[in-house]
$ cat data-v9.pdb   # PDB, C-alpha atoms, pLDDT in the B column
ATOM      1  CA  MET A   1       0.519  -5.911  -6.174  1.00 89.00           C
ATOM      2  CA  ARG A   2      -1.036  -6.095  -2.726  1.00 97.00           C
ATOM      3  CA  LYS A   3      -4.519  -7.215  -1.769  1.00 98.00           C
ATOM      4  CA  ILE A   4      -6.457  -4.722   0.322  1.00 98.00           C
ATOM      5  CA  LEU A   5      -9.731  -5.370   2.169  1.00 98.00           C
ATOM      6  CA  ILE A   6     -11.923  -2.407   3.111  1.00 99.00           C
ATOM      7  CA  VAL A   7     -14.420  -3.424   5.802  1.00 98.00           C
ATOM      8  CA  ALA A   8     -17.389  -1.030   5.900  1.00 98.00           C
ATOM      9  CA  PRO A   9     -20.197  -1.477   8.433  1.00 98.00           C
ATOM     10  CA  HIS A  10     -22.416   0.572   6.081  1.00 97.00           C
ATOM     11  CA  SER A  11     -21.957   1.654   2.497  1.00 96.00           C
ATOM     12  CA  ASP A  12     -20.501   5.196   2.628  1.00 97.00           C
ATOM     13  CA  ASP A  13     -18.187   4.444   5.579  1.00 98.00           C
ATOM     14  CA  GLU A  14     -15.494   3.390   3.113  1.00 98.00           C
ATOM     15  CA  THR A  15     -15.605   6.731   1.317  1.00 98.00           C
ATOM     16  CA  LEU A  16     -15.800   8.873   4.440  1.00 98.00           C
ATOM     17  CA  GLY A  17     -13.011   6.960   6.159  1.00 97.00           C
ATOM     18  CA  CYS A  18     -10.531   6.026   3.457  1.00 98.00           C
ATOM     19  CA  GLY A  19     -11.830   6.968   0.014  1.00 98.00           C
ATOM     20  CA  GLY A  20      -8.641   8.758  -0.998  1.00 98.00           C
ATOM     21  CA  SER A  21      -6.460   5.890   0.177  1.00 98.00           C
ATOM     22  CA  ILE A  22      -8.602   3.444  -1.794  1.00 98.00           C
ATOM     23  CA  LEU A  23      -8.082   5.496  -4.947  1.00 98.00           C
ATOM     24  CA  ARG A  24      -4.352   5.698  -4.281  1.00 98.00           C
ATOM     25  CA  HIS A  25      -4.092   1.928  -3.721  1.00 98.00           C
ATOM     26  CA  ILE A  26      -5.850   1.250  -7.013  1.00 98.00           C
ATOM     27  CA  GLU A  27      -3.702   3.724  -8.948  1.00 98.00           C
ATOM     28  CA  GLU A  28      -0.591   2.052  -7.502  1.00 98.00           C
ATOM     29  CA  GLY A  29      -1.776  -1.293  -8.850  1.00 98.00           C
ATOM     30  CA  ASP A  30      -3.160  -2.833  -5.672  1.00 98.00           C
ATOM     31  CA  GLU A  31      -6.214  -5.083  -5.742  1.00 98.00           C
ATOM     32  CA  VAL A  32      -8.851  -3.540  -3.479  1.00 98.00           C
ATOM     33  CA  VAL A  33     -11.871  -5.490  -2.230  1.00 98.00           C
ATOM     34  CA  TRP A  34     -14.943  -3.884  -0.646  1.00 98.00           C
ATOM     35  CA  LEU A  35     -16.865  -5.671   2.106  1.00 98.00           C
ATOM     36  CA  ILE A  36     -20.186  -4.107   3.177  1.00 98.00           C
ATOM     37  CA  VAL A  37     -21.482  -5.737   6.341  1.00 98.00           C
ATOM     38  CA  THR A  38     -25.020  -4.370   6.698  1.00 97.00           C
ATOM     39  CA  THR A  39     -28.068  -3.480   4.648  1.00 93.00           C
ATOM     40  CA  PHE A  40     -31.278  -1.614   5.445  1.00 85.00           C
ATOM     41  CA  GLU A  41     -33.328  -3.802   3.089  1.00 80.00           C
ATOM     42  CA  LYS A  42     -34.850  -5.593   6.074  1.00 73.00           C
ATOM     43  CA  LEU A  43     -35.999  -2.428   7.857  1.00 74.00           C
ATOM     44  CA  LYS A  44     -39.763  -2.044   7.922  1.00 69.00           C
ATOM     45  CA  THR A  45     -39.442   1.748   7.654  1.00 73.00           C
ATOM     46  CA  ILE A  46     -37.697   1.540   4.259  1.00 79.00           C
ATOM     47  CA  ASP A  47     -39.765   1.239   1.077  1.00 82.00           C
ATOM     48  CA  THR A  48     -38.850  -0.485  -2.181  1.00 85.00           C
ATOM     49  CA  LYS A  49     -37.955   2.777  -3.917  1.00 88.00           C
ATOM     50  CA  GLU A  50     -35.394   3.657  -1.238  1.00 88.00           C
ATOM     51  CA  ILE A  51     -33.879   0.174  -1.390  1.00 89.00           C
ATOM     52  CA  LYS A  52     -33.490   0.390  -5.164  1.00 92.00           C
ATOM     53  CA  GLN A  53     -31.962   3.854  -4.847  1.00 92.00           C
ATOM     54  CA  ARG A  54     -29.404   2.678  -2.290  1.00 92.00           C
ATOM     55  CA  ASN A  55     -28.497  -0.403  -4.297  1.00 94.00           C
ATOM     56  CA  LEU A  56     -27.957   1.820  -7.336  1.00 96.00           C
ATOM     57  CA  GLN A  57     -25.703   4.066  -5.263  1.00 97.00           C
ATOM     58  CA  ILE A  58     -23.648   1.064  -4.172  1.00 97.00           C
ATOM     59  CA  SER A  59     -23.356  -0.134  -7.753  1.00 98.00           C
ATOM     60  CA  ASN A  60     -22.256   3.303  -8.971  1.00 98.00           C
ATOM     61  CA  VAL A  61     -19.726   3.695  -6.145  1.00 98.00           C
ATOM     62  CA  ASN A  62     -18.323   0.249  -6.915  1.00 98.00           C
ATOM     63  CA  LYS A  63     -17.807   1.257 -10.545  1.00 98.00           C
ATOM     64  CA  ALA A  64     -16.373   4.671  -9.659  1.00 98.00           C
ATOM     65  CA  TYR A  65     -13.663   3.177  -7.472  1.00 98.00           C
ATOM     66  CA  GLY A  66     -13.016   0.161  -9.666  1.00 98.00           C
ATOM     67  CA  PHE A  67     -12.965  -2.367  -6.833  1.00 98.00           C
ATOM     68  CA  SER A  68     -11.711  -5.774  -7.922  1.00 98.00           C
ATOM     69  CA  GLU A  69     -14.487  -7.449  -5.889  1.00 98.00           C
ATOM     70  CA  LYS A  70     -17.461  -6.463  -3.751  1.00 98.00           C
ATOM     71  CA  TYR A  71     -19.050  -8.564  -1.021  1.00 98.00           C
ATOM     72  CA  GLU A  72     -22.227  -7.808   0.918  1.00 97.00           C
ATOM     73  CA  LEU A  73     -23.120  -9.753   4.055  1.00 97.00           C
ATOM     74  CA  LYS A  74     -26.563  -8.044   4.153  1.00 95.00           C
ATOM     75  CA  LEU A  75     -26.942  -8.181   7.926  1.00 96.00           C
ATOM     76  CA  GLU A  76     -29.614  -5.844   9.262  1.00 93.00           C
ATOM     77  CA  THR A  77     -28.279  -2.380  10.006  1.00 92.00           C
ATOM     78  CA  THR A  78     -28.459  -1.111  13.618  1.00 92.00           C
ATOM     79  CA  LYS A  79     -29.084  -4.687  14.747  1.00 93.00           C
ATOM     80  CA  LEU A  80     -25.597  -6.200  14.759  1.00 97.00           C
ATOM     81  CA  ASP A  81     -25.385  -6.084  18.548  1.00 96.00           C
ATOM     82  CA  THR A  82     -28.452  -8.351  18.715  1.00 96.00           C
ATOM     83  CA  LEU A  83     -26.790 -11.119  16.673  1.00 96.00           C
ATOM     84  CA  PRO A  84     -24.424 -13.775  18.026  1.00 97.00           C
ATOM     85  CA  LYS A  85     -20.947 -12.355  17.480  1.00 96.00           C
ATOM     86  CA  SER A  86     -19.719 -15.803  16.472  1.00 97.00           C
ATOM     87  CA  GLU A  87     -22.078 -15.665  13.482  1.00 97.00           C
ATOM     88  CA  ILE A  88     -20.661 -12.336  12.301  1.00 98.00           C
ATOM     89  CA  ILE A  89     -17.076 -13.465  12.875  1.00 98.00           C
ATOM     90  CA  SER A  90     -17.712 -16.583  10.816  1.00 98.00           C
ATOM     91  CA  LYS A  91     -19.100 -14.594   7.882  1.00 98.00           C
ATOM     92  CA  ILE A  92     -16.220 -12.103   7.909  1.00 98.00           C
ATOM     93  CA  SER A  93     -13.686 -14.893   8.319  1.00 98.00           C
ATOM     94  CA  GLN A  94     -14.974 -16.619   5.185  1.00 98.00           C
ATOM     95  CA  ILE A  95     -14.433 -13.440   3.163  1.00 98.00           C
ATOM     96  CA  ILE A  96     -10.970 -12.855   4.607  1.00 98.00           C
ATOM     97  CA  HIS A  97      -9.884 -16.425   3.821  1.00 98.00           C
ATOM     98  CA  ARG A  98     -11.246 -16.048   0.295  1.00 98.00           C
ATOM     99  CA  VAL A  99      -9.561 -12.690  -0.357  1.00 98.00           C
ATOM    100  CA  GLN A 100      -6.368 -13.251   1.684  1.00 98.00           C
ATOM    101  CA  PRO A 101      -5.585  -9.528   2.026  1.00 98.00           C
ATOM    102  CA  GLN A 102      -2.242  -8.174   3.150  1.00 98.00           C
ATOM    103  CA  ILE A 103      -3.858  -4.967   4.468  1.00 98.00           C
ATOM    104  CA  ILE A 104      -7.223  -4.531   6.192  1.00 98.00           C
ATOM    105  CA  TYR A 105      -9.016  -1.260   6.955  1.00 98.00           C
ATOM    106  CA  VAL A 106     -11.539  -1.297   9.824  1.00 98.00           C
ATOM    107  CA  PRO A 107     -13.691   1.370  11.548  1.00 98.00           C
ATOM    108  CA  TYR A 108     -12.810   2.901  14.908  1.00 98.00           C
ATOM    109  CA  ARG A 109     -14.173   0.742  17.709  1.00 97.00           C
ATOM    110  CA  LEU A 110     -15.503   3.581  19.869  1.00 96.00           C
ATOM    111  CA  ASP A 111     -17.628   5.233  17.174  1.00 97.00           C
ATOM    112  CA  ALA A 112     -21.126   6.333  18.168  1.00 96.00           C
ATOM    113  CA  HIS A 113     -22.797   3.674  16.005  1.00 96.00           C
ATOM    114  CA  SER A 114     -22.955   0.267  17.701  1.00 96.00           C
ATOM    115  CA  ASP A 115     -22.572  -1.455  14.309  1.00 97.00           C
ATOM    116  CA  HIS A 116     -19.036  -0.049  14.070  1.00 98.00           C
ATOM    117  CA  GLU A 117     -18.035  -1.560  17.406  1.00 97.00           C
ATOM    118  CA  VAL A 118     -19.366  -4.989  16.434  1.00 98.00           C
ATOM    119  CA  VAL A 119     -17.708  -4.880  13.006  1.00 98.00           C
ATOM    120  CA  TYR A 120     -14.408  -3.846  14.568  1.00 98.00           C
ATOM    121  CA  ASP A 121     -14.482  -6.652  17.153  1.00 98.00           C
ATOM    122  CA  SER A 122     -15.573  -9.266  14.622  1.00 98.00           C
ATOM    123  CA  THR A 123     -12.942  -8.266  12.069  1.00 98.00           C
ATOM    124  CA  ILE A 124     -10.110  -8.091  14.593  1.00 98.00           C
ATOM    125  CA  ALA A 125     -11.016 -11.604  15.721  1.00 98.00           C
ATOM    126  CA  CYS A 126     -10.116 -12.617  12.155  1.00 98.00           C
ATOM    127  CA  THR A 127      -6.603 -11.124  12.167  1.00 98.00           C
ATOM    128  CA  LYS A 128      -4.744 -13.560  14.407  1.00 97.00           C
ATOM    129  CA  SER A 129      -1.396 -14.099  12.726  1.00 97.00           C
ATOM    130  CA  PHE A 130      -1.305 -17.841  13.362  1.00 97.00           C
ATOM    131  CA  ARG A 131      -4.667 -18.300  11.609  1.00 97.00           C
ATOM    132  CA  TYR A 132      -4.406 -15.523   8.991  1.00 98.00           C
ATOM    133  CA  PRO A 133      -0.666 -15.314   8.256  1.00 98.00           C
ATOM    134  CA  PHE A 134      -1.188 -13.346   5.040  1.00 98.00           C
ATOM    135  CA  ILE A 135      -2.415 -10.252   6.970  1.00 98.00           C
ATOM    136  CA  LYS A 136       0.508  -7.881   7.429  1.00 98.00           C
ATOM    137  CA  LYS A 137      -1.162  -4.590   8.374  1.00 98.00           C
ATOM    138  CA  VAL A 138      -4.387  -3.478  10.066  1.00 98.00           C
ATOM    139  CA  LEU A 139      -5.414   0.186   9.891  1.00 98.00           C
ATOM    140  CA  ILE A 140      -8.271   1.891  11.728  1.00 98.00           C
ATOM    141  CA  TYR A 141     -10.126   4.675   9.940  1.00 98.00           C
ATOM    142  CA  GLN A 142     -12.217   7.576  11.176  1.00 97.00           C
ATOM    143  CA  THR A 143     -15.825   8.012  10.026  1.00 97.00           C
ATOM    144  CA  LEU A 144     -17.214  11.542  10.074  1.00 95.00           C
ATOM    145  CA  SER A 145     -20.548  11.716  11.946  1.00 95.00           C
ATOM    146  CA  GLU A 146     -19.643   8.636  14.015  1.00 96.00           C
ATOM    147  CA  THR A 147     -16.100   8.880  15.408  1.00 96.00           C
ATOM    148  CA  GLU A 148     -16.387  12.425  16.742  1.00 94.00           C
ATOM    149  CA  PHE A 149     -19.734  11.662  18.395  1.00 94.00           C
ATOM    150  CA  GLY A 150     -18.664   8.539  20.304  1.00 93.00           C
ATOM    151  CA  LEU A 151     -18.435  10.594  23.525  1.00 90.00           C
ATOM    152  CA  ARG A 152     -17.493   7.669  25.752  1.00 89.00           C
ATOM    153  CA  PRO A 153     -15.580   8.516  28.957  1.00 89.00           C
ATOM    154  CA  GLU A 154     -13.080   5.737  28.255  1.00 87.00           C
ATOM    155  CA  ASP A 155     -12.384   6.989  24.718  1.00 90.00           C
ATOM    156  CA  PRO A 156      -8.976   8.717  24.437  1.00 90.00           C
ATOM    157  CA  GLY A 157     -10.109  10.109  21.080  1.00 91.00           C
ATOM    158  CA  PHE A 158      -9.054   9.217  17.565  1.00 96.00           C
ATOM    159  CA  ARG A 159      -5.280   9.692  17.721  1.00 96.00           C
ATOM    160  CA  PRO A 160      -3.792   8.763  14.341  1.00 98.00           C
ATOM    161  CA  ASN A 161      -0.193   7.732  13.805  1.00 98.00           C
ATOM    162  CA  TYR A 162      -0.355   6.915  10.078  1.00 98.00           C
ATOM    163  CA  PHE A 163      -1.101   9.424   7.339  1.00 98.00           C
ATOM    164  CA  VAL A 164      -1.710   8.979   3.608  1.00 98.00           C
ATOM    165  CA  ASP A 165      -1.174  11.847   1.166  1.00 98.00           C
ATOM    166  CA  ILE A 166      -4.372  12.027  -0.925  1.00 98.00           C
ATOM    167  CA  SER A 167      -3.626  15.375  -2.562  1.00 98.00           C
ATOM    168  CA  GLY A 168      -4.117  13.872  -6.008  1.00 98.00           C
ATOM    169  CA  PHE A 169      -7.260  11.978  -5.039  1.00 98.00           C
ATOM    170  CA  LEU A 170      -9.449  14.262  -2.934  1.00 98.00           C
ATOM    171  CA  LYS A 171     -11.371  15.649  -5.915  1.00 98.00           C
ATOM    172  CA  LYS A 172     -12.473  12.180  -7.029  1.00 98.00           C
ATOM    173  CA  LYS A 173     -13.199  11.119  -3.437  1.00 98.00           C
ATOM    174  CA  LEU A 174     -15.624  14.042  -3.139  1.00 98.00           C
ATOM    175  CA  GLU A 175     -17.205  13.167  -6.488  1.00 98.00           C
ATOM    176  CA  ILE A 176     -17.802   9.628  -5.244  1.00 98.00           C
ATOM    177  CA  LEU A 177     -19.173  10.928  -1.945  1.00 98.00           C
ATOM    178  CA  LYS A 178     -21.815  12.866  -3.873  1.00 97.00           C
ATOM    179  CA  ILE A 179     -23.141   9.579  -5.287  1.00 98.00           C
ATOM    180  CA  TYR A 180     -24.512   8.965  -1.786  1.00 97.00           C
ATOM    181  CA  GLU A 181     -26.996  11.787  -2.276  1.00 95.00           C
ATOM    182  CA  THR A 182     -29.338  10.411   0.386  1.00 91.00           C
ATOM    183  CA  GLU A 183     -26.582  10.379   3.007  1.00 92.00           C
ATOM    184  CA  ILE A 184     -24.848  13.746   2.575  1.00 93.00           C
ATOM    185  CA  GLN A 185     -26.143  17.227   3.328  1.00 94.00           C
ATOM    186  CA  THR A 186     -24.736  20.729   3.342  1.00 94.00           C
ATOM    187  CA  HIS A 187     -22.457  22.170   6.036  1.00 94.00           C
ATOM    188  CA  PRO A 188     -22.622  22.098   9.068  1.00 95.00           C
ATOM    189  CA  PHE A 189     -23.953  18.535   8.704  1.00 95.00           C
ATOM    190  CA  PRO A 190     -20.908  16.301   9.398  1.00 94.00           C
ATOM    191  CA  ARG A 191     -21.378  14.139   6.285  1.00 95.00           C
ATOM    192  CA  SER A 192     -20.899  17.042   3.906  1.00 96.00           C
ATOM    193  CA  VAL A 193     -18.435  17.826   1.151  1.00 97.00           C
ATOM    194  CA  ASP A 194     -17.164  20.789   3.183  1.00 97.00           C
ATOM    195  CA  SER A 195     -16.560  18.641   6.265  1.00 97.00           C
ATOM    196  CA  VAL A 196     -14.700  15.951   4.339  1.00 98.00           C
ATOM    197  CA  ARG A 197     -12.519  18.544   2.609  1.00 98.00           C
ATOM    198  CA  ALA A 198     -11.836  20.304   5.924  1.00 98.00           C
ATOM    199  CA  GLN A 199     -10.826  17.040   7.541  1.00 98.00           C
ATOM    200  CA  ALA A 200      -8.427  16.330   4.671  1.00 98.00           C
ATOM    201  CA  ILE A 201      -6.911  19.784   5.123  1.00 98.00           C
ATOM    202  CA  LEU A 202      -6.536  19.241   8.879  1.00 98.00           C
ATOM    203  CA  TRP A 203      -4.803  15.871   8.514  1.00 98.00           C
ATOM    204  CA  GLY A 204      -2.691  17.370   5.766  1.00 98.00           C
ATOM    205  CA  SER A 205      -1.470  19.999   8.220  1.00 98.00           C
ATOM    206  CA  TYR A 206      -0.430  17.172  10.569  1.00 97.00           C
ATOM    207  CA  SER A 207       1.619  15.478   7.870  1.00 98.00           C
ATOM    208  CA  ASN A 208       2.939  18.285   5.618  1.00 98.00           C
ATOM    209  CA  CYS A 209       0.574  17.378   2.782  1.00 97.00           C
ATOM    210  CA  LYS A 210      -2.044  19.472   1.023  1.00 98.00           C
ATOM    211  CA  TYR A 211      -4.682  16.826   1.784  1.00 98.00           C
ATOM    212  CA  ALA A 212      -4.372  13.630   3.817  1.00 98.00           C
ATOM    213  CA  GLU A 213      -6.315  10.811   5.450  1.00 98.00           C
ATOM    214  CA  ALA A 214      -5.374   9.617   8.915  1.00 98.00           C
ATOM    215  CA  PHE A 215      -5.357   6.163  10.486  1.00 98.00           C
ATOM    216  CA  ILE A 216      -4.324   4.301  13.602  1.00 98.00           C
ATOM    217  CA  THR A 217      -1.888   1.481  12.925  1.00 98.00           C
ATOM    218  CA  LEU A 218      -3.125  -1.477  14.933  1.00 97.00           C
ATOM    219  CA  LYS A 219      -0.693  -4.053  13.537  1.00 96.00           C
ATOM    220  CA  GLU A 220       2.172  -4.067  11.077  1.00 97.00           C
ATOM    221  CA  ILE A 221       4.383  -7.010  10.244  1.00 97.00           C
ATOM    222  CA  LEU A 222       7.455  -6.326   8.112  1.00 95.00           C
TER     223      LEU A 222
END

$ encode --input "data-v9.pdb" --output "structure tokens"
Amino acid sequence: MRKILIVAPHSDDETLGCGGSILRHIEEGDEVVWLIVTTFEKLKTIDTKEIKQRNLQISNVNKAYGFSEKYELKLETTKLDTLPKSEIISKISQIIHRVQPQIIYVPYRLDAHSDHEVVYDSTIACTKSFRYPFIKKVLIYQTLSETEFGLRPEDPGFRPNYFVDISGFLKKKLEILKIYETEIQTHPFPRSVDSVRAQAILWGSYSNCKYAEAFITLKEIL
């Protein structure tokens, strides 16, 4: 049994980026922990009904996956780049020391959303082998509606070198995605069932699988 930590800047990133891999890890007997960094509870534009609805979605997604643990840092969404990075690093570090994962999944640094960049930097700061010797692999995931819209001149694009066959898990991944009813829309909206299925087909064609998820291997210690 391995311990896996899924770091999600926002709830739904985990499903868009690596939902099939999460399901596969759990079926294979791994212990998977979900860390959600932000919340929109502090936004003045969000009412109590919307907050309750989102919290219910998170609870239902947690149950659907069967995560062994769930942590929420509840930092204000869209505002991470206004906080001292040392504060965010400290909070993530506490979770990592508590969980002691062998594998960590993080978002792509050059995504359009600034929260993803901050979460990436803060998490990677907590993967130094001499301070976190239990971490053996770090994988970067793609988030539909964020990764493809980064559009930074210095971005070489999401170029995966690690593929996971999720042929037996895509159906359930899409069922879980539908729990986020306030976040998904119909095609051609990027966070749609059609888009997620199409992406799985595309990565499957890269890796001789019916459906796959793709990642960039940042670190692997054997």

$ resolve_selection --input "data-v9.pdb" --expression "the PyMOL selection byres ((chain A and resi 200) around 12)" --output "NGL selection string"
:A and (16-21 or 142 or 144 or 163-171 or 173-174 or 193-199 or 201-214)

$ resolve_selection --input "data-v9.pdb" --expression "the PyMOL selection byres ((chain A and resi 98) around 12)" --output "VMD selection string"
chain A and resid 3 5 33 35 69 71 91 to 97 99 to 101 132 134

$ residues_around --input "data-v9.pdb" --residues "Glu148 in chain A" --least-positions-apart "6" --cutoff "12 Å" --atoms "all atoms listed in the file" --output "PDB file with C-alpha atoms, in the frame of the given file"
ATOM      1  CA  TYR A 108     -12.810   2.901  14.908  1.00 98.00           C
ATOM      2  CA  ARG A 109     -14.173   0.742  17.709  1.00 97.00           C
ATOM      3  CA  LEU A 110     -15.503   3.581  19.869  1.00 96.00           C
ATOM      4  CA  ASP A 111     -17.628   5.233  17.174  1.00 97.00           C
ATOM      5  CA  ALA A 112     -21.126   6.333  18.168  1.00 96.00           C
ATOM      6  CA  HIS A 113     -22.797   3.674  16.005  1.00 96.00           C
ATOM      7  CA  GLN A 142     -12.217   7.576  11.176  1.00 97.00           C
ATOM      8  CA  ASP A 155     -12.384   6.989  24.718  1.00 90.00           C
ATOM      9  CA  PRO A 156      -8.976   8.717  24.437  1.00 90.00           C
ATOM     10  CA  GLY A 157     -10.109  10.109  21.080  1.00 91.00           C
ATOM     11  CA  PHE A 158      -9.054   9.217  17.565  1.00 96.00           C
ATOM     12  CA  ARG A 159      -5.280   9.692  17.721  1.00 96.00           C
ATOM     13  CA  PRO A 190     -20.908  16.301   9.398  1.00 94.00           C
ATOM     14  CA  ARG A 191     -21.378  14.139   6.285  1.00 95.00           C
ATOM     15  CA  GLN A 199     -10.826  17.040   7.541  1.00 98.00           C
TER      16      GLN A 199
END

$ atom_distance --input "data-v9.pdb" --atom1 "CA of Thr143 in chain A" --atom2 "CA of Tyr105 in chain A"
11.9 Å

$ closest_residue --input "data-v9.pdb" --among "A:Leu218, A:Leu56, A:Ile22, A:Val119" --to "His10 in chain A" --atoms "all atoms listed in the file"
A:Val119

$ atom_distance --input "data-v9.pdb" --atom1 "CA of Gly29 in chain A" --atom2 "CA of Phe67 in chain A"
11.4 Å

$ closest_residue --input "data-v9.pdb" --among "A:Ile176, A:Glu72, A:Leu139, A:Thr186" --to "Ile103 in chain A" --atoms "only C-alpha atoms"
A:Leu139

$ resolve_selection --input "data-v9.pdb" --expression "the PyMOL selection byres ((chain A and resi 115) around 10)" --output "PyMOL selection string"
chain A and resi 8-10+37-38+76-81+107+109+111-114+116-120

$ atom_distance --input "data-v9.pdb" --atom1 "CA of Leu73 in chain A" --atom2 "CA of Gln57 in chain A"
16.9 Å

$ closest_residue --input "data-v9.pdb" --among "A:Lys52, A:Lys219, A:Arg152, A:Lys42" --to "Thr127 in chain A" --atoms "all atoms listed in the file"
A:Lys219

$ residues_around --input "data-v9.pdb" --residues "Lys172 in chain A" --least-positions-apart "5" --cutoff "10 Å" --atoms "all atoms listed in the file" --output "PyMOL selection string"
chain A and resi 19-20+23+64-65+177-178

$ closest_residue --input "data-v9.pdb" --among "A:Ile4, A:Glu41, A:Asn60, A:Gln53" --to "Leu75 in chain A" --atoms "all atoms listed in the file"
A:Glu41

$ closest_residue --input "data-v9.pdb" --among "A:Ser122, A:Gly66, A:Val7, A:Thr45" --to "Arg24 in chain A" --atoms "only C-alpha atoms"
A:Gly66

$ residues_near_point --input "data-v9.pdb" --point "(-2.5, 5.6, 15.1)" --cutoff "7 Å" --atoms "all atoms listed in the file" --output "list of chain:residue names"
A:Arg159, A:Pro160, A:Asn161, A:Tyr162, A:Phe215, A:Ile216, A:Thr217

$ residues_around --input "data-v9.pdb" --residues "Ile221 in chain A" --least-positions-apart "6" --cutoff "10 Å" --atoms "only C-alpha atoms" --output "ChimeraX atom specification"
/A:102,129,133-138
